[in-house]
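Colleague: Next up, entry-v5.txt (compact mmCIF, C-alpha atoms).
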# COMPACT_ATOMS: atom_id res chain seq x y z
CA MET M 1 82.96 69.29 -20.56
CA ASN M 2 80.10 67.39 -18.96
CA ARG M 3 80.66 65.48 -15.79
CA LEU M 4 78.97 62.80 -13.76
CA LEU M 5 78.19 64.60 -10.52
CA PRO M 6 75.81 67.50 -10.01
CA LEU M 7 78.31 70.05 -8.68
CA LEU M 8 80.37 69.63 -11.84
CA LEU M 9 77.63 69.29 -14.41
CA VAL M 10 77.47 71.84 -17.20
CA VAL M 11 74.20 71.37 -19.02
CA THR M 12 74.51 72.24 -22.69
CA ALA M 13 71.40 73.87 -24.15
CA ALA M 14 70.53 72.35 -27.49
CA THR M 15 70.27 74.81 -30.34
CA ALA M 16 69.22 72.27 -32.91
CA ALA M 17 65.98 70.36 -32.98
CA CYS M 18 66.18 67.14 -31.02
CA ASP M 19 66.18 64.13 -33.35
CA SER M 20 65.56 61.59 -30.62
CA PHE M 21 62.42 60.27 -29.00
CA LEU M 22 62.81 62.99 -26.36
CA SER M 23 60.93 65.34 -28.67
CA THR M 24 57.90 63.07 -28.80
CA PRO M 25 54.80 63.55 -26.62
CA PRO M 26 54.79 62.05 -23.11
CA PRO M 27 54.21 58.29 -23.07
CA PRO M 28 50.76 56.94 -22.25
CA PRO M 29 49.93 55.65 -18.76
CA PRO M 30 51.59 52.39 -17.78
CA PRO M 31 49.89 49.31 -19.21
CA PRO M 32 48.95 46.36 -17.04
CA GLY M 33 52.05 44.65 -15.71
CA ALA M 34 54.12 47.83 -15.88
CA PRO M 35 57.12 48.39 -13.61
CA THR M 36 57.39 50.86 -10.78
CA LEU M 37 59.91 51.63 -8.03
CA ALA M 38 60.03 50.30 -4.48
CA LEU M 39 62.29 52.08 -1.98
CA VAL M 40 64.96 49.82 -0.54
CA ASP M 41 66.71 52.30 1.77
CA SER M 42 68.55 55.61 1.69
CA PHE M 43 72.32 56.06 1.75
CA VAL M 44 74.98 58.76 1.53
CA ASP M 45 75.80 59.42 -2.15
CA PRO M 46 75.15 55.86 -3.40
CA VAL M 47 76.88 55.08 -6.70
CA TYR M 48 76.50 51.32 -7.16
CA VAL M 49 74.54 48.26 -6.07
CA THR M 50 75.43 44.58 -6.47
CA ALA M 51 75.47 41.20 -4.71
CA PRO M 52 77.74 38.15 -4.59
CA PRO M 53 76.90 35.37 -7.06
CA ALA M 54 74.02 33.16 -5.93
CA ASP M 55 73.54 35.25 -2.76
CA SER M 56 69.87 36.19 -2.94
CA GLN M 57 69.75 37.21 0.71
CA ARG M 58 71.94 40.31 0.67
CA LEU M 59 72.47 43.55 -1.23
CA PHE M 60 75.68 45.62 -1.18
CA VAL M 61 75.54 49.38 -1.74
CA VAL M 62 78.63 51.47 -2.57
CA GLU M 63 78.80 54.98 -1.12
CA GLN M 64 81.06 57.38 -2.98
CA ALA M 65 82.81 58.62 0.16
CA GLY M 66 84.32 55.17 0.75
CA ARG M 67 81.91 52.72 2.35
CA VAL M 68 80.25 49.51 1.17
CA MET M 69 77.03 48.87 3.08
CA VAL M 70 75.19 45.56 3.34
CA LEU M 71 71.47 44.94 3.63
CA ALA M 72 69.68 41.69 4.42
CA ASN M 73 66.96 40.59 2.01
CA ASP M 74 67.21 43.87 0.05
CA THR M 75 65.16 45.67 2.69
CA ALA M 76 65.84 48.17 5.42
CA GLN M 77 66.34 46.55 8.80
CA ALA M 78 65.36 47.96 12.19
CA THR M 79 69.04 48.56 12.88
CA GLY M 80 69.67 49.98 9.40
CA PRO M 81 72.37 48.96 6.90
CA ARG M 82 75.61 47.55 8.25
CA THR M 83 79.11 48.60 7.19
CA PHE M 84 80.83 45.90 5.17
CA LEU M 85 83.92 47.94 4.20
CA ASP M 86 85.05 51.42 5.24
CA ILE M 87 88.05 52.97 3.46
CA ARG M 88 86.98 56.60 3.74
CA GLY M 89 90.39 57.66 5.04
CA GLN M 90 92.26 56.00 2.19
CA ILE M 91 90.69 57.54 -0.91
CA SER M 92 89.99 60.84 -2.64
CA ALA M 93 86.25 61.48 -2.82
CA GLY M 94 84.19 64.31 -4.25
CA GLY M 95 83.24 65.42 -7.74
CA GLU M 96 83.77 62.36 -9.91
CA ARG M 97 86.30 60.76 -7.57
CA GLY M 98 85.67 58.27 -4.80
CA LEU M 99 84.85 54.63 -4.19
CA LEU M 100 83.07 53.85 -7.45
CA SER M 101 82.19 50.14 -7.56
CA VAL M 102 82.68 46.69 -6.08
CA ALA M 103 82.76 43.27 -7.78
CA PHE M 104 82.55 39.87 -6.11
CA HIS M 105 84.62 37.01 -7.50
CA PRO M 106 82.58 34.25 -9.21
CA GLN M 107 83.85 31.86 -6.52
CA TYR M 108 83.23 34.31 -3.71
CA ALA M 109 81.30 31.72 -1.71
CA THR M 110 84.48 29.64 -1.38
CA ASN M 111 87.38 32.10 -1.77
CA GLY M 112 85.86 35.21 -0.16
CA ARG M 113 87.49 37.59 -2.65
CA PHE M 114 86.05 40.88 -3.81
CA TYR M 115 87.47 43.89 -5.66
CA VAL M 116 86.92 47.63 -5.36
CA TYR M 117 87.67 50.47 -7.76
CA PHE M 118 88.51 53.87 -6.28
CA THR M 119 90.44 57.10 -6.72
CA ALA M 120 93.61 57.27 -4.62
CA PRO M 121 94.56 60.49 -2.77
CA ASN M 122 97.11 61.30 -5.52
CA GLY M 123 94.40 60.94 -8.18
CA ASP M 124 95.48 57.52 -9.47
CA LEU M 125 92.87 54.89 -10.29
CA ARG M 126 93.23 51.73 -8.24
CA ILE M 127 91.76 48.26 -8.19
CA VAL M 128 92.26 46.59 -4.82
CA ARG M 129 91.37 43.07 -3.73
CA TYR M 130 90.02 42.26 -0.26
CA ASN M 131 88.81 39.13 1.48
CA VAL M 132 85.73 38.79 3.60
CA SER M 133 86.29 38.25 7.31
CA THR M 134 86.62 34.60 8.29
CA THR M 135 84.44 35.22 11.36
CA ASN M 136 81.80 37.66 10.07
CA PRO M 137 80.27 37.26 6.59
CA ASP M 138 78.94 40.82 6.77
CA SER M 139 82.36 42.39 7.26
CA ALA M 140 85.50 42.68 5.13
CA ASP M 141 88.96 41.94 6.45
CA GLN M 142 90.71 45.22 5.68
CA ALA M 143 94.10 43.73 6.55
CA THR M 144 93.87 41.59 3.40
CA ALA M 145 94.07 44.60 1.04
CA ASP M 146 96.12 43.75 -2.07
CA THR M 147 96.52 46.36 -4.81
CA VAL M 148 95.89 44.64 -8.12
CA LEU M 149 96.33 47.58 -10.51
CA LYS M 150 97.34 51.25 -10.40
CA VAL M 151 96.61 53.54 -13.33
CA ALA M 152 98.24 56.97 -13.23
CA HIS M 153 95.67 59.71 -13.80
CA PRO M 154 96.60 63.17 -15.13
CA VAL M 155 96.01 66.44 -13.32
CA TYR M 156 92.31 66.51 -14.17
CA ASP M 157 89.93 65.18 -11.55
CA ASN M 158 87.17 64.00 -13.88
CA HIS M 159 86.65 61.00 -16.16
CA ASN M 160 87.71 58.32 -13.70
CA GLY M 161 85.60 55.57 -15.22
CA GLY M 162 84.70 53.40 -12.27
CA GLN M 163 83.05 50.13 -13.25
CA LEU M 164 84.29 46.69 -12.24
CA GLN M 165 82.45 43.61 -13.49
CA PHE M 166 83.25 39.93 -13.75
CA GLY M 167 82.33 38.78 -17.22
CA PRO M 168 80.77 35.49 -18.27
CA ASP M 169 84.36 34.40 -19.01
CA GLY M 170 85.39 34.68 -15.34
CA MET M 171 87.73 37.59 -16.10
CA LEU M 172 87.66 40.93 -14.28
CA TRP M 173 86.70 43.81 -16.59
CA ALA M 174 87.34 47.47 -15.72
CA GLY M 175 86.33 50.69 -17.47
CA THR M 176 88.66 53.69 -17.30
CA GLY M 177 88.00 57.29 -18.32
CA ASP M 178 90.23 59.18 -20.74
CA GLY M 179 92.00 61.10 -17.97
CA GLY M 180 89.76 64.14 -17.95
CA GLY M 181 89.78 67.61 -19.34
CA GLY M 182 87.73 68.63 -22.36
CA GLY M 183 88.19 66.72 -25.61
CA ASP M 184 90.82 64.30 -24.24
CA PRO M 185 93.70 66.83 -24.37
CA ASP M 186 96.31 64.12 -23.73
CA GLY M 187 94.98 61.84 -26.45
CA ASN M 188 94.72 58.86 -24.12
CA ALA M 189 91.63 57.20 -25.61
CA GLN M 190 93.37 56.64 -28.96
CA ASP M 191 96.77 55.80 -27.42
CA ARG M 192 97.27 52.05 -27.01
CA HIS M 193 100.21 52.73 -24.69
CA SER M 194 97.77 54.30 -22.23
CA LEU M 195 95.32 52.39 -20.03
CA LEU M 196 93.02 55.44 -19.93
CA GLY M 197 89.91 55.63 -22.07
CA LYS M 198 89.81 51.84 -22.29
CA LEU M 199 88.03 48.68 -21.29
CA LEU M 200 90.54 46.45 -19.49
CA ARG M 201 90.35 42.68 -19.03
CA LEU M 202 92.36 40.97 -16.29
CA ASP M 203 92.79 37.43 -15.03
CA VAL M 204 92.69 37.68 -11.23
CA ASN M 205 92.39 33.98 -10.51
CA GLY M 206 95.99 33.62 -9.33
CA ALA M 207 97.22 33.93 -5.76
CA SER M 208 97.73 37.69 -6.08
CA GLY M 209 97.83 40.50 -8.62
CA TYR M 210 96.68 39.62 -12.12
CA ALA M 211 97.76 37.90 -15.32
CA ILE M 212 97.11 38.89 -18.93
CA PRO M 213 94.51 36.59 -20.52
CA ALA M 214 96.12 34.89 -23.50
CA ASP M 215 93.23 35.89 -25.77
CA ASN M 216 93.41 39.61 -25.00
CA PRO M 217 93.77 41.32 -28.40
CA PHE M 218 97.12 42.94 -27.58
CA ALA M 219 98.52 40.28 -25.27
CA THR M 220 101.70 39.92 -27.35
CA ASP M 221 101.69 43.30 -29.11
CA THR M 222 104.59 45.44 -27.93
CA ALA M 223 102.94 48.52 -29.47
CA SER M 224 100.03 48.24 -27.02
CA GLU M 225 99.33 47.63 -23.36
CA PRO M 226 98.29 43.98 -22.96
CA GLU M 227 95.53 44.72 -20.44
CA ILE M 228 93.48 46.52 -23.09
CA TRP M 229 90.40 44.81 -24.48
CA SER M 230 88.96 47.80 -26.37
CA GLY M 231 89.55 51.53 -26.60
CA GLY M 232 88.32 54.85 -27.92
CA LEU M 233 86.14 55.48 -24.84
CA ARG M 234 85.62 58.83 -23.13
CA ASN M 235 84.19 57.86 -19.75
CA PRO M 236 82.53 54.43 -19.61
CA TRP M 237 81.00 55.15 -16.20
CA ARG M 238 78.84 52.04 -16.30
CA PHE M 239 78.93 48.86 -18.42
CA SER M 240 77.33 45.47 -17.93
CA PHE M 241 76.84 41.99 -19.39
CA ASP M 242 73.50 40.50 -20.35
CA ARG M 243 73.36 37.51 -18.01
CA GLN M 244 71.45 35.47 -20.62
CA THR M 245 73.32 36.22 -23.84
CA GLY M 246 76.68 37.45 -22.54
CA ASP M 247 76.45 40.59 -24.71
CA LEU M 248 78.38 43.62 -23.42
CA TYR M 249 76.67 47.02 -23.06
CA ILE M 250 78.68 50.21 -22.46
CA GLY M 251 77.23 53.58 -21.51
CA ASP M 252 79.92 56.06 -22.59
CA VAL M 253 79.49 59.62 -21.32
CA GLY M 254 79.78 62.19 -24.09
CA GLN M 255 81.31 65.65 -24.41
CA ASP M 256 79.17 68.63 -25.46
CA ARG M 257 76.39 67.18 -27.60
CA TRP M 258 75.99 63.38 -27.74
CA GLU M 259 75.60 60.50 -25.28
CA GLU M 260 76.04 56.93 -26.50
CA ILE M 261 75.38 53.26 -25.82
CA ASN M 262 77.70 50.67 -27.37
CA VAL M 263 76.82 46.98 -27.61
CA ALA M 264 79.38 44.25 -28.30
CA SER M 265 77.75 40.88 -28.84
CA ALA M 266 79.11 37.65 -27.42
CA ALA M 267 78.88 36.22 -30.93
CA ASN M 268 81.29 38.93 -32.08
CA GLN M 269 83.86 38.40 -29.29
CA ARG M 270 82.37 41.18 -27.14
CA GLY M 271 84.21 43.89 -29.04
CA ARG M 272 87.67 42.36 -28.86
CA GLY M 273 90.17 44.99 -30.04
CA VAL M 274 87.40 47.44 -31.02
CA ASN M 275 87.99 51.20 -31.25
CA TYR M 276 84.80 53.04 -30.21
CA GLY M 277 85.98 56.29 -31.74
CA TRP M 278 86.58 58.91 -29.05
CA ASN M 279 88.05 61.53 -29.55
CA ARG M 280 87.59 61.38 -33.31
CA MET M 281 83.89 60.72 -32.82
CA GLU M 282 81.27 61.72 -30.25
CA GLY M 283 78.48 59.21 -30.61
CA THR M 284 77.91 58.68 -34.32
CA HIS M 285 79.14 62.20 -35.12
CA CYS M 286 82.50 63.77 -35.92
CA TYR M 287 84.38 65.46 -33.11
CA PRO M 288 84.92 68.37 -33.04
CA GLN M 289 81.53 68.96 -34.60
CA ASP M 290 81.68 68.81 -38.38
CA PRO M 291 78.37 69.63 -40.12
CA SER M 292 79.51 67.74 -43.20
CA GLU M 293 80.36 64.63 -41.14
CA SER M 294 83.40 64.21 -43.38
CA CYS M 295 85.88 63.09 -40.73
CA ASN M 296 87.79 59.82 -41.08
CA LYS M 297 85.67 57.06 -39.53
CA ALA M 298 87.78 54.18 -40.83
CA GLY M 299 88.34 51.47 -38.25
CA LEU M 300 85.86 52.92 -35.76
CA VAL M 301 82.80 51.16 -34.36
CA SER M 302 79.69 53.31 -33.90
CA PRO M 303 77.29 53.03 -30.96
CA VAL M 304 73.95 51.30 -31.44
CA THR M 305 72.20 54.48 -30.30
CA ASP M 306 73.03 57.99 -29.20
CA TYR M 307 71.00 60.99 -28.06
CA ILE M 308 71.57 64.71 -28.14
CA HIS M 309 71.89 67.10 -25.21
CA ALA M 310 68.36 68.48 -25.16
CA PHE M 311 65.68 69.00 -22.51
CA GLY M 312 68.35 68.95 -19.81
CA ALA M 313 70.05 65.72 -20.89
CA CYS M 314 73.84 65.69 -20.49
CA SER M 315 75.29 62.43 -19.11
CA VAL M 316 74.28 58.84 -19.81
CA THR M 317 74.01 56.39 -16.92
CA GLY M 318 74.45 52.89 -18.31
CA GLY M 319 72.26 50.13 -16.95
CA TYR M 320 71.39 46.46 -17.42
CA VAL M 321 69.42 44.11 -19.61
CA TYR M 322 66.56 43.11 -17.36
CA ARG M 323 66.51 39.36 -16.67
CA GLY M 324 64.87 39.38 -13.26
CA PRO M 325 61.82 37.41 -12.11
CA THR M 326 59.80 40.40 -10.89
CA VAL M 327 58.73 42.39 -13.97
CA PRO M 328 58.07 40.14 -17.00
CA ALA M 329 57.18 43.17 -19.15
CA LEU M 330 60.82 44.30 -19.01
CA LEU M 331 62.44 40.98 -19.92
CA GLY M 332 65.14 41.43 -22.54
CA PHE M 333 65.06 45.24 -22.41
CA TYR M 334 68.25 47.18 -21.73
CA VAL M 335 67.35 49.91 -19.25
CA TYR M 336 69.44 53.07 -18.87
CA ALA M 337 69.04 56.73 -17.92
CA ASP M 338 70.36 60.27 -18.13
CA HIS M 339 71.96 61.62 -14.96
CA CYS M 340 70.80 65.21 -15.46
CA ALA M 341 67.41 64.96 -17.15
CA GLY M 342 66.32 61.97 -15.09
CA PHE M 343 64.62 60.19 -17.98
CA VAL M 344 64.81 56.39 -18.25
CA GLN M 345 64.93 54.62 -21.61
CA ALA M 346 64.73 50.98 -22.66
CA PHE M 347 65.39 49.07 -25.87
CA LYS M 348 66.01 45.56 -27.14
CA TYR M 349 69.19 44.65 -29.01
CA THR M 350 68.63 42.37 -32.02
CA GLY M 351 72.24 41.44 -32.75
CA SER M 352 72.56 44.00 -35.52
CA GLY M 353 70.74 46.98 -34.08
CA ILE M 354 68.06 48.03 -31.63
CA THR M 355 64.30 47.84 -31.62
CA ASP M 356 61.45 48.84 -29.31
CA LEU M 357 63.15 52.03 -28.12
CA ARG M 358 60.82 53.49 -25.53
CA ASP M 359 60.63 56.06 -22.76
CA ILE M 360 59.65 54.54 -19.41
CA SER M 361 60.41 57.62 -17.32
CA SER M 362 56.84 57.96 -16.07
CA ARG M 363 57.11 54.48 -14.59
CA ILE M 364 60.52 54.10 -12.99
CA SER M 365 62.37 57.43 -13.00
CA PRO M 366 63.21 58.80 -9.53
CA GLY M 367 64.13 62.16 -11.11
CA GLY M 368 67.51 63.77 -11.71
CA SER M 369 70.92 62.84 -10.29
CA ILE M 370 70.54 59.18 -11.32
CA SER M 371 73.99 57.89 -10.39
CA SER M 372 73.81 54.24 -11.34
CA PHE M 373 71.91 51.05 -11.90
CA GLY M 374 72.70 47.77 -10.17
CA GLU M 375 71.74 44.11 -10.34
CA ASP M 376 71.30 41.54 -7.59
CA ALA M 377 71.93 37.80 -7.68
CA ARG M 378 68.39 37.09 -8.90
CA GLY M 379 68.66 39.48 -11.82
CA ASP M 380 66.43 42.18 -10.35
CA VAL M 381 67.57 45.69 -11.26
CA TYR M 382 68.04 48.69 -8.98
CA ILE M 383 68.27 52.41 -9.65
CA MET M 384 69.70 55.05 -7.36
CA THR M 385 70.27 58.78 -7.10
CA LEU M 386 73.00 60.76 -5.39
CA ASN M 387 70.29 62.21 -3.15
CA GLY M 388 70.34 58.94 -1.22
CA PRO M 389 67.46 56.63 -2.13
CA VAL M 390 68.06 53.21 -3.67
CA TYR M 391 65.07 51.66 -5.42
CA ARG M 392 64.29 48.22 -6.79
CA ILE M 393 62.30 47.95 -10.02
CA VAL M 394 59.17 45.98 -9.16
CA LEU M 395 55.78 45.16 -10.64
CA ASN M 396 53.19 47.91 -10.29
CA PRO M 397 50.96 46.60 -7.47
CA ASP M 398 47.87 48.05 -9.12
CA THR M 399 48.29 46.03 -12.31
CA THR M 400 48.74 42.30 -12.62
CA ALA M 401 47.93 41.28 -16.19
CA ALA M 402 50.74 40.93 -18.69
CA PRO M 403 50.85 43.78 -21.24
How would this structure read if it were set down as structure tokens?

Modeller:
Amino acid sequence: MNRLLPLLLVVTAATAACDSFLSTPPPPPPPPGAPTLALVDSFVDPVYVTAPPADSQRLFVVEQAGRVMVLANDTAQATGPRTFLDIRGQISAGGERGLLSVAFHPQYATNGRFYVYFTAPNGDLRIVRYNVSTTNPDSADQATADTVLKVAHPVYDNHNGGQLQFGPDGMLWAGTGDGGGGGDPDGNAQDRHSLLGKLLRLDVNGASGYAIPADNPFATDTASEPEIWSGGLRNPWRFSFDRQTGDLYIGDVGQDRWEEINVASAANQRGRGVNYGWNRMEGTHCYPQDPSESCNKAGLVSPVTDYIHAFGACSVTGGYVYRGPTVPALLGFYVYADHCAGFVQAFKYTGSGITDLRDISSRISPGGSISSFGEDARGDVYIMTLNGPVYRIVLNPDTTAAP
């Protein structure tokens, strides 16, 4: 059972030859125009970075213990980061639990609404809405807390999911883990009466709570929960939307052998009603492991790529398609990492598969314990580790020509 955080990680040694690019020689030196990392600031167990829509002046950093910190102009200030929200006394934090992400409403500039995803003291997963203070734009009004959704979580403390993201459709999307334990012992990922192991889609544009979008695949299906958009996920710790195409990318953390990236194109309804296969499949392979690969794969959608647990790899950290103005060489590449090994990969999605798979670890990897990627209002991408530093991906200052 592999887990997100270092105290809980069990690194599986590969006994088979690695059939991924990880077995290839180290990449050559960065070409002209290559990316590198610029330190933004250091935090306590940072797990996410984002910004309100169209707000290019601030960056918000989520700390696992229960704080959201705000920075001006993406840089450390003389007084340091300021506390935007502090709910440390209201959550369960540690291991894979904690305050895991924040999402700002598309109309945040006028309605002041934002949403957080955290683990409650009883282990439940919760999505809670807050409003920004009416007197201080760098502070939340904690008295406005409104619980949008509670999802009961079993006795296991891992596989909490954790991502919130507003999609191009204006809906709030949330990724939940399968409830924990090894191999999904409760069968939640394949159970459409369970909200665990799913991607959920909610309409939060009403006065409070949420409504079921009419085009959700199971909106009127009494055999399913109407919040579900897609299922068969183990622990979709991080997912994101390509801000140019609207395509959906999901980094789903694997079990003992395989990590996977799923892509659902906007042209194909972003995976509406899709079953990504867990716990019948792990990546593109049968689960439990079947050397003959003769398991029933009917009705399951395979990832666009997966990689084996080798050379220390054990837990995928999903990222973003780079659309920022800073590093033209990365435009259109989906960038992601492995939490344990610390490598960083990139590829382009063609609509039917991937191309240009490459290892860019020598350029932008801060090392192991990569907890998350983030994206600001401009489209620049950030990478962080649980050790504290948050970095922005920038152009290598020693190279200026386009590759």

Colleague: Would you pick out the contacts of Ala313 of chain M at 7 Å or less, using only C-alpha atoms, so that residues sharing its chain but fewer than 4 positions from it are not included, and give the list as a VMD selection string?

Modeller: chain M and resid 309 338 340 to 341

Colleague: Mind writing the picked residues with C-alpha atoms as a JSON list (two decimals), in the coordinates of the input?

Modeller:
[["chain", "number", "residue", "atom", "x", "y", "z"],
["M", 309, "HIS", "CA", 71.89, 67.10, -25.21],
["M", 338, "ASP", "CA", 70.36, 60.27, -18.13],
["M", 340, "CYS", "CA", 70.80, 65.21, -15.46],
["M", 341, "ALA", "CA", 67.41, 64.96, -17.15]]

Colleague: Hey, can you check how far atom CA of Ser133 of chain M sits from atom CA of Leu59 of chain M?

Modeller: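 For atom CA of Ser133 of chain M relative to atom CA of Leu59 of chain M, the distance reads 17.1 Å.
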
Colleague: Find the residues near Ile360 of chain M: any atom within 8 Å, counting only C-alpha atoms, skip ones fewer than 5 places away on the same chain, and give them as a PDB file with C-alpha atoms, in the frame of the given file.

Modeller:
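After the write, around-v4.pdb holds the following:
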ATOM      1  CA  PRO M  27      54.210  58.290 -23.070  1.00  0.00           C
ATOM      2  CA  PHE M 343      64.620  60.190 -17.980  1.00  0.00           C
ATOM      3  CA  VAL M 344      64.810  56.390 -18.250  1.00  0.00           C
ATOM      4  CA  GLN M 345      64.930  54.620 -21.610  1.00  0.00           C
ATOM      5  CA  ALA M 346      64.730  50.980 -22.660  1.00  0.00           C
ATOM      6  CA  SER M 365      62.370  57.430 -13.000  1.00  0.00           C
TER       7      SER M 365
END

Colleague: For atom CA of Pro213 of chain M and atom CA of Ser240 of chain M, quote the distance in Å rounded to one decimal.

Modeller: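 Here the two named atoms are 19.5 Å from each other.
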
Colleague: Which residues, written as a list in words, have at least one atom at most 10 Å from Tyr287 of chain M, with all atoms listed in the file counted and residues fewer than 4 positions away on the same chain left out?

Modeller: Gly183, Gln255, Asp256, Arg257, Gly277, Trp278, Asn279, Arg280, Met281, Glu282, Gly283, Glu293 and Cys295 of chain M

Colleague: Could you jot down the atom CA of Pro389 of chain M to atom CA of Val47 of chain M separation for me, Å, one decimal place?

Modeller: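 These atoms are spaced 10.6 Å apart.
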